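*Asks:* Sharing final.cif here; it has mmCIF, C-alpha atoms.
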```cif
data_protein
loop_
_atom_site.label_atom_id
_atom_site.label_comp_id
_atom_site.auth_asym_id
_atom_site.auth_seq_id
_atom_site.Cartn_x
_atom_site.Cartn_y
_atom_site.Cartn_z
CA MET A 1 110.63 109.66 65.72
CA ASN A 2 113.09 107.82 63.60
CA ASP A 3 112.43 106.90 60.04
CA ASN A 4 115.64 104.91 59.68
CA ILE A 5 114.49 102.18 62.04
CA ASP A 6 111.92 99.72 60.82
CA ILE A 7 110.85 98.11 64.06
CA LEU A 8 108.36 95.80 62.43
CA SER A 9 111.01 94.36 60.09
CA GLU A 10 113.35 94.04 63.04
CA LEU A 11 110.68 92.06 64.91
CA GLU A 12 110.08 89.86 61.91
CA GLN A 13 113.82 89.15 61.74
CA MET A 14 113.67 88.22 65.42
CA GLY A 15 110.93 85.76 64.53
CA SER A 16 108.41 87.64 66.66
CA THR A 17 104.73 87.78 65.82
CA LEU A 18 104.64 91.31 67.23
CA GLY A 19 105.77 92.52 63.83
CA ASN A 20 102.37 91.64 62.39
CA MET A 21 100.37 93.38 65.11
CA SER A 22 98.88 96.86 65.08
CA ARG A 23 100.67 99.42 67.22
CA LYS A 24 97.58 101.57 67.54
CA MET A 25 96.85 102.39 71.17
CA PRO A 26 93.36 101.38 72.28
CA TYR A 27 93.10 104.09 74.99
CA GLU A 28 90.60 106.92 74.74
CA ILE A 29 91.55 110.59 75.09
CA PRO A 30 89.18 113.50 75.82
CA THR A 31 88.11 115.37 72.68
CA ASP A 32 90.39 118.27 71.73
CA TYR A 33 92.81 117.35 74.50
CA PHE A 34 95.92 118.14 72.47
CA ILE A 35 94.40 121.32 71.06
CA ASN A 36 93.89 122.71 74.55
CA LEU A 37 97.00 121.26 76.16
CA THR A 38 99.43 124.03 75.23
CA ALA A 39 97.11 126.75 76.52
CA SER A 40 96.61 124.79 79.73
CA ILE A 41 100.34 124.42 80.31
CA ILE A 42 101.04 128.10 79.62
CA GLU A 43 98.26 129.01 82.04
CA HIS A 44 99.94 126.86 84.71
CA VAL A 45 103.30 128.45 84.00
CA GLN A 46 101.84 131.95 84.27
CA VAL A 47 100.15 131.13 87.55
CA GLN A 48 103.46 129.89 88.89
CA GLN A 49 105.24 133.02 87.73
CA GLN A 50 102.82 135.38 89.47
CA ASP A 51 103.85 136.69 92.86
CA ASP A 52 102.47 134.56 95.59
CA PRO A 53 99.60 136.57 97.20
CA MET A 54 100.56 134.94 100.49
CA LEU A 55 103.79 136.96 100.45
CA ASP A 56 101.82 140.23 100.62
CA ILE A 57 99.76 138.89 103.49
CA ALA A 58 102.91 137.96 105.36
CA LYS A 59 104.29 141.45 104.89
CA ALA A 60 101.30 143.09 106.62
CA PRO A 61 101.82 143.65 110.37
CA THR A 62 99.82 141.07 112.26
CA GLY A 63 99.67 140.00 115.87
CA GLU A 64 100.61 141.92 118.99
CA LEU A 65 104.14 142.70 120.15
CA PRO A 66 105.21 142.50 123.79
CA ALA A 67 104.80 145.87 125.57
CA GLY A 68 107.86 148.12 125.13
CA TYR A 69 109.43 145.70 122.64
CA PHE A 70 110.97 148.39 120.46
CA ASN A 71 112.14 150.43 123.48
CA LYS A 72 113.99 147.44 124.92
CA LEU A 73 115.31 146.22 121.57
CA PRO A 74 118.43 148.48 121.32
CA GLY A 75 119.56 147.37 124.79
CA VAL A 76 119.02 143.71 123.96
CA VAL A 77 120.95 144.06 120.72
CA LEU A 78 123.79 145.90 122.46
CA ALA A 79 124.05 143.22 125.14
CA ALA A 80 124.16 140.57 122.45
CA ALA A 81 126.87 142.51 120.60
CA LYS A 82 128.98 142.85 123.77
CA LEU A 83 128.54 139.17 124.47
CA SER A 84 129.87 138.43 121.03
CA GLU A 85 132.96 140.51 121.76
CA LEU A 86 133.95 138.40 124.73
CA PRO A 87 137.09 136.37 124.10
CA GLN A 88 136.26 132.93 122.89
CA GLN A 89 139.50 131.50 124.19
CA MET A 90 139.05 128.77 126.81
CA PRO A 91 140.69 129.41 130.21
CA TYR A 92 142.18 125.94 130.39
CA SER A 93 145.87 125.42 129.75
CA LEU A 94 147.37 122.86 127.45
CA PRO A 95 150.90 121.58 126.90
CA GLU A 96 152.47 123.98 124.41
CA THR A 97 153.03 121.48 121.63
CA TYR A 98 149.96 119.33 122.33
CA PHE A 99 148.15 119.86 119.05
CA ASN A 100 151.34 119.61 117.05
CA GLU A 101 152.15 116.23 118.51
CA LEU A 102 148.60 114.88 118.74
CA PRO A 103 148.20 113.67 115.14
CA GLN A 104 151.47 111.72 115.32
CA GLN A 105 150.51 110.26 118.70
CA ILE A 106 147.14 109.13 117.40
CA LEU A 107 148.74 107.75 114.28
CA ASN A 108 151.25 105.77 116.33
CA LYS A 109 148.51 104.40 118.56
CA ALA A 110 146.40 103.55 115.57
CA LYS A 111 149.31 101.72 113.97
CA THR A 112 150.11 99.80 117.17
CA GLY A 113 146.47 98.97 117.71
CA HIS A 114 146.17 97.96 114.13
CA LYS A 115 149.13 95.65 114.42
CA GLN A 116 147.62 94.04 117.51
CA LYS A 117 144.36 93.60 115.76
CA VAL A 118 146.03 92.22 112.70
CA LYS A 119 147.71 89.45 114.73
CA PRO A 120 146.69 86.39 112.77
CA THR A 121 144.23 84.05 114.36
CA ARG A 122 145.28 80.45 114.20
CA ILE A 123 142.75 78.49 112.29
CA VAL A 124 142.92 74.76 112.63
CA ILE A 125 141.64 73.08 109.53
CA LEU A 126 140.52 69.57 110.20
CA SER A 127 140.62 67.00 107.47
CA VAL A 128 137.41 65.26 106.47
CA ARG A 129 138.51 61.99 108.07
CA ILE A 130 139.22 63.66 111.40
CA ARG A 131 135.86 65.36 111.29
CA TRP A 132 134.09 62.04 110.67
CA ALA A 133 136.10 60.35 113.43
CA ALA A 134 135.20 63.14 115.87
CA ALA A 135 131.55 62.88 114.91
CA ALA A 136 131.57 59.08 115.34
CA LEU A 137 133.25 59.42 118.77
CA LEU A 138 130.67 61.95 119.85
CA VAL A 139 127.82 59.67 118.79
CA LEU A 140 129.42 56.72 120.63
CA CYS A 141 129.82 58.74 123.83
CA LEU A 142 126.24 59.91 123.64
CA GLY A 143 125.01 56.33 123.07
CA LEU A 144 126.98 54.88 126.01
CA GLY A 145 125.96 57.73 128.26
CA SER A 146 122.31 57.25 127.37
CA TYR A 147 122.54 53.48 127.95
CA GLU A 148 124.14 53.94 131.34
CA PHE A 149 121.61 56.56 132.32
CA LEU A 150 118.60 54.46 131.29
CA HIS A 151 119.74 51.06 132.61
CA THR A 152 121.40 51.81 135.96
CA LYS A 153 119.17 50.79 138.88
CA PRO A 154 119.25 52.92 142.01
CA ALA A 155 121.17 51.31 144.85
CA LYS A 156 118.84 49.60 147.39
CA PRO A 157 119.51 50.06 151.14
CA GLU A 158 119.22 46.28 151.67
CA MET A 159 122.04 45.67 149.19
CA ALA A 160 124.21 48.30 150.84
CA LEU A 161 123.59 46.82 154.32
CA ALA A 162 124.34 43.26 153.07
CA LYS A 163 127.95 44.26 152.54
CA VAL A 164 128.33 45.55 156.12
CA PRO A 165 129.70 42.86 158.53
CA GLN A 166 127.28 41.81 161.27
CA ALA A 167 129.79 42.71 163.96
CA ASN A 168 129.81 46.32 162.75
CA LEU A 169 126.01 46.43 162.75
CA LYS A 170 125.88 45.13 166.31
CA GLU A 171 128.48 47.67 167.35
CA TYR A 172 126.45 50.45 165.69
CA VAL A 173 123.28 49.37 167.52
CA LYS A 174 125.15 49.29 170.81
CA GLN A 175 126.50 52.76 170.34
CA ASN A 176 123.44 54.46 168.92
CA ILE A 177 120.36 52.89 170.47
CA ASP A 178 119.68 53.95 174.04
CA ASP A 179 117.06 52.71 176.50
CA PHE A 180 114.41 55.01 175.18
CA ASP A 181 114.87 53.69 171.60
CA ALA A 182 114.76 50.12 172.84
CA ASP A 183 111.47 50.76 174.71
CA MET A 184 110.03 52.36 171.58
CA ILE A 185 110.98 49.38 169.38
CA VAL A 186 109.49 46.93 171.92
CA SER A 187 106.25 48.91 172.12
CA ASN A 188 106.03 49.02 168.34
CA LEU A 189 106.54 45.29 168.10
CA GLN A 190 103.79 44.73 170.61
CA ALA A 191 101.43 46.82 168.49
CA VAL A 192 102.06 44.56 165.53
CA ASP A 193 100.43 41.19 165.38
CA VAL A 194 103.64 39.20 165.57
CA HIS A 195 101.83 35.87 165.49
CA ASN A 196 100.26 36.71 162.18
CA ILE A 197 103.63 37.63 160.77
CA GLN A 198 105.04 34.34 161.96
CA THR A 199 102.06 32.53 160.52
CA SER A 200 102.46 34.19 157.16
CA ALA A 201 106.18 33.53 157.29
CA HIS A 202 105.45 29.82 157.78
CA GLN A 203 103.17 29.92 154.77
CA LEU A 204 105.94 31.31 152.56
CA ASP A 205 107.35 29.00 150.00
CA GLU A 206 111.11 28.53 150.16
CA GLN A 207 111.48 29.47 146.50
CA ASP A 208 109.71 32.77 147.19
CA ILE A 209 112.11 33.53 149.99
CA ILE A 210 115.13 32.74 147.79
CA GLN A 211 113.72 34.91 145.00
CA TYR A 212 113.18 37.76 147.45
CA LEU A 213 116.72 37.44 148.71
CA ASP A 214 118.04 37.38 145.16
CA GLU A 215 116.08 40.48 144.28
CA THR A 216 117.23 42.39 147.30
CA GLY A 217 120.85 41.41 146.83
CA TRP A 218 121.36 39.00 149.72
CA ASP A 219 123.54 35.95 149.20
CA VAL A 220 121.38 32.87 149.52
CA ASP A 221 124.10 31.01 151.42
CA ALA A 222 124.67 33.87 153.81
CA SER A 223 121.00 34.50 154.25
CA ASP A 224 120.13 30.87 154.99
CA SER A 225 120.89 31.28 158.64
CA LYS A 226 118.85 34.55 158.77
CA THR A 227 115.91 32.94 157.02
CA ASN A 228 116.07 30.05 159.40
CA ASN A 229 116.25 32.47 162.27
CA LYS A 230 113.18 34.33 161.03
CA VAL A 231 111.21 31.22 160.36
CA ASP A 232 112.22 29.66 163.61
CA MET B 1 118.98 109.56 64.20
CA PRO B 2 116.49 112.44 64.00
CA GLU B 3 116.33 114.21 60.68
CA THR B 4 118.68 117.16 60.22
CA ALA B 5 115.78 119.51 59.49
CA ASN B 6 114.21 118.41 62.70
CA LEU B 7 117.40 119.15 64.66
CA ILE B 8 117.60 122.57 63.08
CA ASP B 9 113.99 123.17 64.01
CA ASP B 10 114.75 122.19 67.58
CA HIS B 11 117.83 124.42 67.66
CA ILE B 12 115.73 127.36 66.43
CA LEU B 13 113.08 126.56 69.03
CA VAL B 14 115.63 126.63 71.85
CA ALA B 15 117.19 129.83 70.56
CA SER B 16 113.77 131.47 70.28
CA PHE B 17 112.92 130.37 73.79
CA LYS B 18 116.09 131.98 75.12
CA ASN B 19 114.94 135.25 73.59
CA GLU B 20 112.49 136.89 76.02
CA SER B 21 110.34 138.38 73.25
CA THR B 22 109.75 135.05 71.48
CA ARG B 23 109.75 132.77 74.51
CA GLU B 24 106.05 132.02 74.72
CA LYS B 25 105.68 131.45 71.01
CA ALA B 26 108.66 129.10 70.97
CA PHE B 27 107.35 127.23 73.97
CA THR B 28 103.93 126.82 72.37
CA SER B 29 105.60 125.41 69.27
CA LEU B 30 107.69 123.06 71.36
CA VAL B 31 104.69 121.74 73.30
CA THR B 32 102.68 121.37 70.11
CA LYS B 33 105.49 119.48 68.45
CA TYR B 34 106.21 117.00 71.22
CA GLN B 35 103.03 116.78 73.27
CA GLU B 36 101.54 113.72 71.60
CA ARG B 37 104.71 111.64 71.62
CA LEU B 38 105.41 112.47 75.24
CA TYR B 39 101.78 111.99 76.21
CA TRP B 40 101.79 108.46 74.84
CA HIS B 41 105.20 107.75 76.28
CA ILE B 42 103.81 108.58 79.71
CA ARG B 43 100.40 107.02 79.26
CA ARG B 44 101.85 103.68 78.17
CA MET B 45 103.47 103.60 81.58
CA VAL B 46 100.73 104.93 83.88
CA VAL B 47 97.64 103.91 81.85
CA GLU B 48 95.16 106.54 83.11
CA HIS B 49 94.61 109.81 81.24
CA GLU B 50 94.32 112.01 84.36
CA ASP B 51 97.61 110.74 85.74
CA THR B 52 99.24 111.15 82.34
CA ASN B 53 97.95 114.71 82.07
CA ASP B 54 99.32 115.62 85.53
CA ILE B 55 102.74 114.19 84.73
CA LEU B 56 102.84 115.76 81.28
CA GLN B 57 101.93 119.22 82.55
CA ASN B 58 104.48 119.03 85.38
CA MET B 59 107.05 117.84 82.91
CA PHE B 60 106.43 120.76 80.54
CA ILE B 61 106.50 123.24 83.43
CA LYS B 62 109.96 121.88 84.26
CA VAL B 63 110.91 122.36 80.63
CA TRP B 64 109.75 125.99 80.83
CA LYS B 65 111.89 126.54 83.92
CA ASN B 66 115.02 124.85 82.60
CA LEU B 67 115.05 125.23 78.85
CA ALA B 68 116.87 128.58 79.04
CA GLU B 69 119.84 126.73 80.59
CA PHE B 70 119.69 123.86 78.10
CA ARG B 71 123.13 123.66 76.49
CA GLU B 72 122.12 121.43 73.59
CA GLU B 73 124.76 118.85 74.44
CA SER B 74 122.08 116.30 73.64
CA ASN B 75 119.12 116.45 71.26
CA LEU B 76 116.15 118.41 72.51
CA TYR B 77 113.80 115.47 72.11
CA THR B 78 116.18 113.16 74.03
CA TRP B 79 116.28 115.75 76.79
CA LEU B 80 112.48 115.97 76.79
CA TYR B 81 112.12 112.19 76.92
CA ARG B 82 114.58 112.09 79.79
CA ILE B 83 112.53 114.59 81.80
CA ALA B 84 109.28 112.81 80.94
CA THR B 85 110.74 109.44 81.94
CA ASN B 86 112.12 110.73 85.23
CA GLU B 87 108.82 112.44 86.06
CA THR B 88 106.94 109.25 85.27
CA LEU B 89 109.21 107.02 87.34
CA THR B 90 109.09 109.47 90.25
CA TRP B 91 105.30 109.54 90.04
CA ILE B 92 105.15 105.72 90.00
CA GLU B 93 107.41 105.55 93.07
CA GLN B 94 105.16 108.05 94.87
CA GLN B 95 102.13 105.93 94.03
CA LYS B 96 103.83 102.86 95.44
CA LYS B 97 104.66 104.66 98.68
CA ARG B 98 101.13 106.03 99.06
CA SER B 99 99.59 102.68 98.27
CA SER B 100 98.86 100.54 101.31
CA VAL B 101 99.07 97.30 99.35
CA SER B 102 102.08 95.04 99.50
CA LEU B 103 105.06 95.41 97.18
CA SER B 104 104.10 92.42 95.03
CA ASP B 105 100.59 93.84 94.60
CA ASN B 106 102.09 97.15 93.45
CA GLU B 107 103.18 95.47 90.25
CA HIS B 108 99.54 94.76 89.44
CA ILE B 109 98.35 98.33 89.99
CA PHE B 110 98.67 99.24 86.33
CA ALA B 111 97.32 95.92 85.11
CA ASP B 112 94.22 96.61 87.20
CA LYS B 113 93.99 100.15 85.87
CA LEU B 114 94.19 98.78 82.36
CA VAL B 115 91.25 96.44 82.92
CA ALA B 116 89.29 99.44 84.27
CA GLN B 117 89.84 101.43 81.07
CA ARG B 118 86.84 102.40 79.02
CA GLY B 119 86.32 100.01 76.13
CA PHE B 120 88.62 97.35 77.59
CA ASP B 121 88.04 94.01 75.93
CA SER B 122 90.37 91.16 76.77
CA ASN B 123 89.32 89.36 73.59
CA LYS B 124 90.74 92.11 71.42
CA VAL B 125 94.37 91.72 70.49
CA GLU B 126 95.28 95.40 71.04
CA TRP B 127 94.15 95.18 74.68
CA ARG B 128 95.87 91.82 75.12
CA LEU B 129 99.07 93.45 73.86
CA GLN B 130 98.70 96.23 76.43
CA GLN B 131 98.17 93.62 79.15
CA ALA B 132 101.29 91.82 78.03
CA ILE B 133 103.28 95.07 78.15
CA GLN B 134 101.94 95.91 81.60
CA SER B 135 103.14 92.53 82.84
CA LEU B 136 106.74 93.59 82.20
CA PRO B 137 108.91 95.08 84.96
CA GLU B 138 108.94 98.92 84.89
CA LYS B 139 112.34 99.47 83.29
CA GLN B 140 111.81 96.73 80.73
CA ARG B 141 108.41 98.24 79.92
CA LEU B 142 110.10 101.58 79.31
CA VAL B 143 112.67 100.02 77.00
CA PHE B 144 110.03 98.07 75.11
CA ASN B 145 107.80 101.13 74.66
CA LEU B 146 110.66 103.38 73.55
CA ARG B 147 111.78 100.87 70.96
CA TYR B 148 108.50 99.31 69.80
CA TYR B 149 106.33 102.43 69.73
CA ASP B 150 108.77 105.35 69.55
CA GLU B 151 111.37 103.52 67.45
CA MET B 152 114.14 105.11 69.43
CA PRO B 153 117.72 104.06 68.56
CA TYR B 154 119.56 102.32 71.39
CA ASP B 155 122.25 105.00 71.75
CA GLU B 156 119.61 107.69 72.26
CA MET B 157 117.67 105.43 74.58
CA ALA B 158 120.91 105.03 76.53
CA THR B 159 121.00 108.82 77.03
CA VAL B 160 117.37 108.89 78.14
CA LEU B 161 117.71 105.99 80.59
CA SER B 162 121.37 106.44 81.61
CA THR B 163 122.17 102.84 80.67
CA SER B 164 124.44 101.22 78.13
CA ALA B 165 123.10 100.51 74.66
CA GLY B 166 124.10 96.84 74.98
CA ALA B 167 122.10 96.38 78.14
CA LEU B 168 119.10 98.06 76.53
CA LYS B 169 119.32 95.80 73.49
CA ALA B 170 119.33 92.72 75.69
CA SER B 171 116.49 94.12 77.75
CA TYR B 172 114.39 94.79 74.65
CA HIS B 173 114.93 91.28 73.31
CA HIS B 174 113.88 89.81 76.64
CA ALA B 175 110.83 92.06 76.68
CA VAL B 176 109.79 90.99 73.18
CA LYS B 177 110.04 87.33 74.18
CA LYS B 178 108.02 87.92 77.34
CA VAL B 179 105.30 89.84 75.52
CA GLN B 180 105.10 87.15 72.87
CA ALA B 181 104.95 84.39 75.47
CA PHE B 182 102.18 86.27 77.29
CA LEU B 183 100.13 86.55 74.12
CA LEU B 184 100.66 82.90 73.18
CA ASN B 185 99.97 81.47 76.61
CA ASP B 186 96.67 83.26 77.24
#
```
What would the structure in this file look like if it were written as structure tokens?
*Replies:*
Amino acid sequence: MNDNIDILSELEQMGSTLGNMSRKMPYEIPTDYFINLTASIIEHVQVQQQDDPMLDIAKAPTGELPAGYFNKLPGVVLAAAKLSELPQQMPYSLPETYFNELPQQILNKAKTGHKQKVKPTRIVILSVRIRWAAAALLVLCLGLGSYEFLHTKPAKPEMALAKVPQANLKEYVKQNIDDFDADMIVSNLQAVDVHNIQTSAHQLDEQDIIQYLDETGWDVDASDSKTNNKVD
Amino acid sequence: MPETANLIDDHILVASFKNESTREKAFTSLVTKYQERLYWHIRRMVVEHEDTNDILQNMFIKVWKNLAEFREESNLYTWLYRIATNETLTWIEQQKKRSSVSLSDNEHIFADKLVAQRGFDSNKVEWRLQQAIQSLPEKQRLVFNLRYYDEMPYDEMATVLSTSAGALKASYHHAVKKVQAFLLND
């Protein structure tokens, strides 16, 4: 193609070993391919230039027409022509200068809308220190919250009742327990083997009782009298 | 640059083609003159003879249809290479779309076709060189082939590929390094 360019020298200058290699293509080609190629191409071109035989087929009348098609055709065409002559103007009325003013109106709205949209959003840029402080605070809150959640024991009814004065409890019983309730409690007590309970209560070690009271939130001093009452 | 005599020959060919009475003769001369160069230009890209033949024939049919309007603003052979290149790239794209394999596998289509060629021998350096060239990306392969085999100047290559000469020069240098690395590593 170009005798002025010595590609192999150029490659040698580039320090490439490609300059020493053969550029002969190893592919095979059918025998006489190039001899026949021109004739083959011209044949293709001539085939393409010939009239498409399909066009002649399409010209021949094929298929059936609806009965009286050609008789009705002038009327159909005339109706279509008359339809096309009908005024295309819409019957609706518009303000006289509507279309003259519309572009300006839209432009004004667009400008106003644009201004509203363009209203700058305030962006608060936090310094690195503030970010770290906020992160540390968040971690601390999470830690404390988790600790509280995991270590808080549910309130026991015994502990809640211990804080209620005895006088109030007696008053409550007076007001809320009627004769029927009293009979029911007595019958329930009779069903229980009270002697056994007393026996097992006698067998209790004093330390066990104190531990129980501690666990359930009773003051040992305050509960002494109750314990004595029970035991007695 | 092509030789002056060659340009004059091409100018006469185009003028003869534009004359109805000498059209076929001029076209035959044109095909005879450029068929081998263009055949190899295409085959280096698509590897198989049948595919090359299809592309080449379509390309020349396009030349037949459009040569009468050719204004000779560029050289005839540059114009022919441009058509051949576009036809080849279009054909490759069609093959990729028809192929059900993934995009990454598409890049190996031609490498596989090369191995399937009659007489392929991976121990022979000429086949190894073809394998190295097929490992290049499409556009880089085009640039390498046009420079290494067709010895096309960069400014003319720029017309064929619609790219700047500088970019083509860089692309060719990269291609040479890649081909060399391929041959040394294997």
*Asks:* Using only C-alpha atoms, can you tell me which of B:Lys96, B:Ala15, B:Gln57, B:Ala116 comes closest to chain A?
*Replies:*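 When distances to chain A are compared using only C-alpha atoms, the smallest one comes from B:Gln57.
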*Asks:* Report as a ChimeraX atom specification the set of chain A residues whose atoms approach chain B to within 10 Å, with distances computed over all atoms listed in the file.
*Replies:* /A:1-8,10-11,14-19,21-30,33-42,44-46,48
*Asks:* Quote the spacing between CA of Gln134 (chain B) and CA of Ala111 (chain B) in Å to one decimal place.
*Replies:*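 Distance between the two atoms: 5.8 Å.
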*Asks:* Just how far from CA of Ser146 (chain A) is CA of Ile130 (chain A), in Å to one decimal?
*Replies:* 24.1 Å
*Asks:* Name the residues that the PyMOL selection byres ((chain B and resi 155-159) around 10) picks from the file above, as a ChimeraX atom specification, using the file's chain letters and numbers.
*Replies:* /B:1,74-75,77-79,81-82,142-143,146-147,151-154,160-169
*Asks:* Would you compute the distance between CA of Asp10 (chain B) and CA of Phe70 (chain B)? Give it in Å to one decimal.
*Replies:*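 Interatomic distance, CA of Asp10 (chain B) to CA of Phe70 (chain B): 11.7 Å.
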*Asks:* Tell me which residues the PyMOL selection byres ((chain B and resi 88) around 8) grabs here, as a list in words.
*Replies:*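 That selection, the PyMOL selection byres ((chain B and resi 88) around 8), comes back as Ile42, Met45, Val46, Ile55, Ala84, Thr85, Asn86, Glu87, Leu89, Thr90, Trp91 and Ile92 of chain B.
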*Asks:* Please enclose the listed atoms of region 38-41 of chain A in an axis-aligned box, pad each side by 5 Å, and write out the centre and the three edge lengths in Å, rounded to one decimal, as JSON.
*Replies:*
```
{"center_x": 98.5, "center_y": 125.4, "center_z": 77.8, "size_x": 13.7, "size_y": 12.7, "size_z": 15.1}
```
*Asks:* Which one is closest to Leu7 (chain B): B:Ala26, B:Val63, B:Lys139, B:Leu76? Count all atoms listed in the file.
*Replies:* B:Leu76
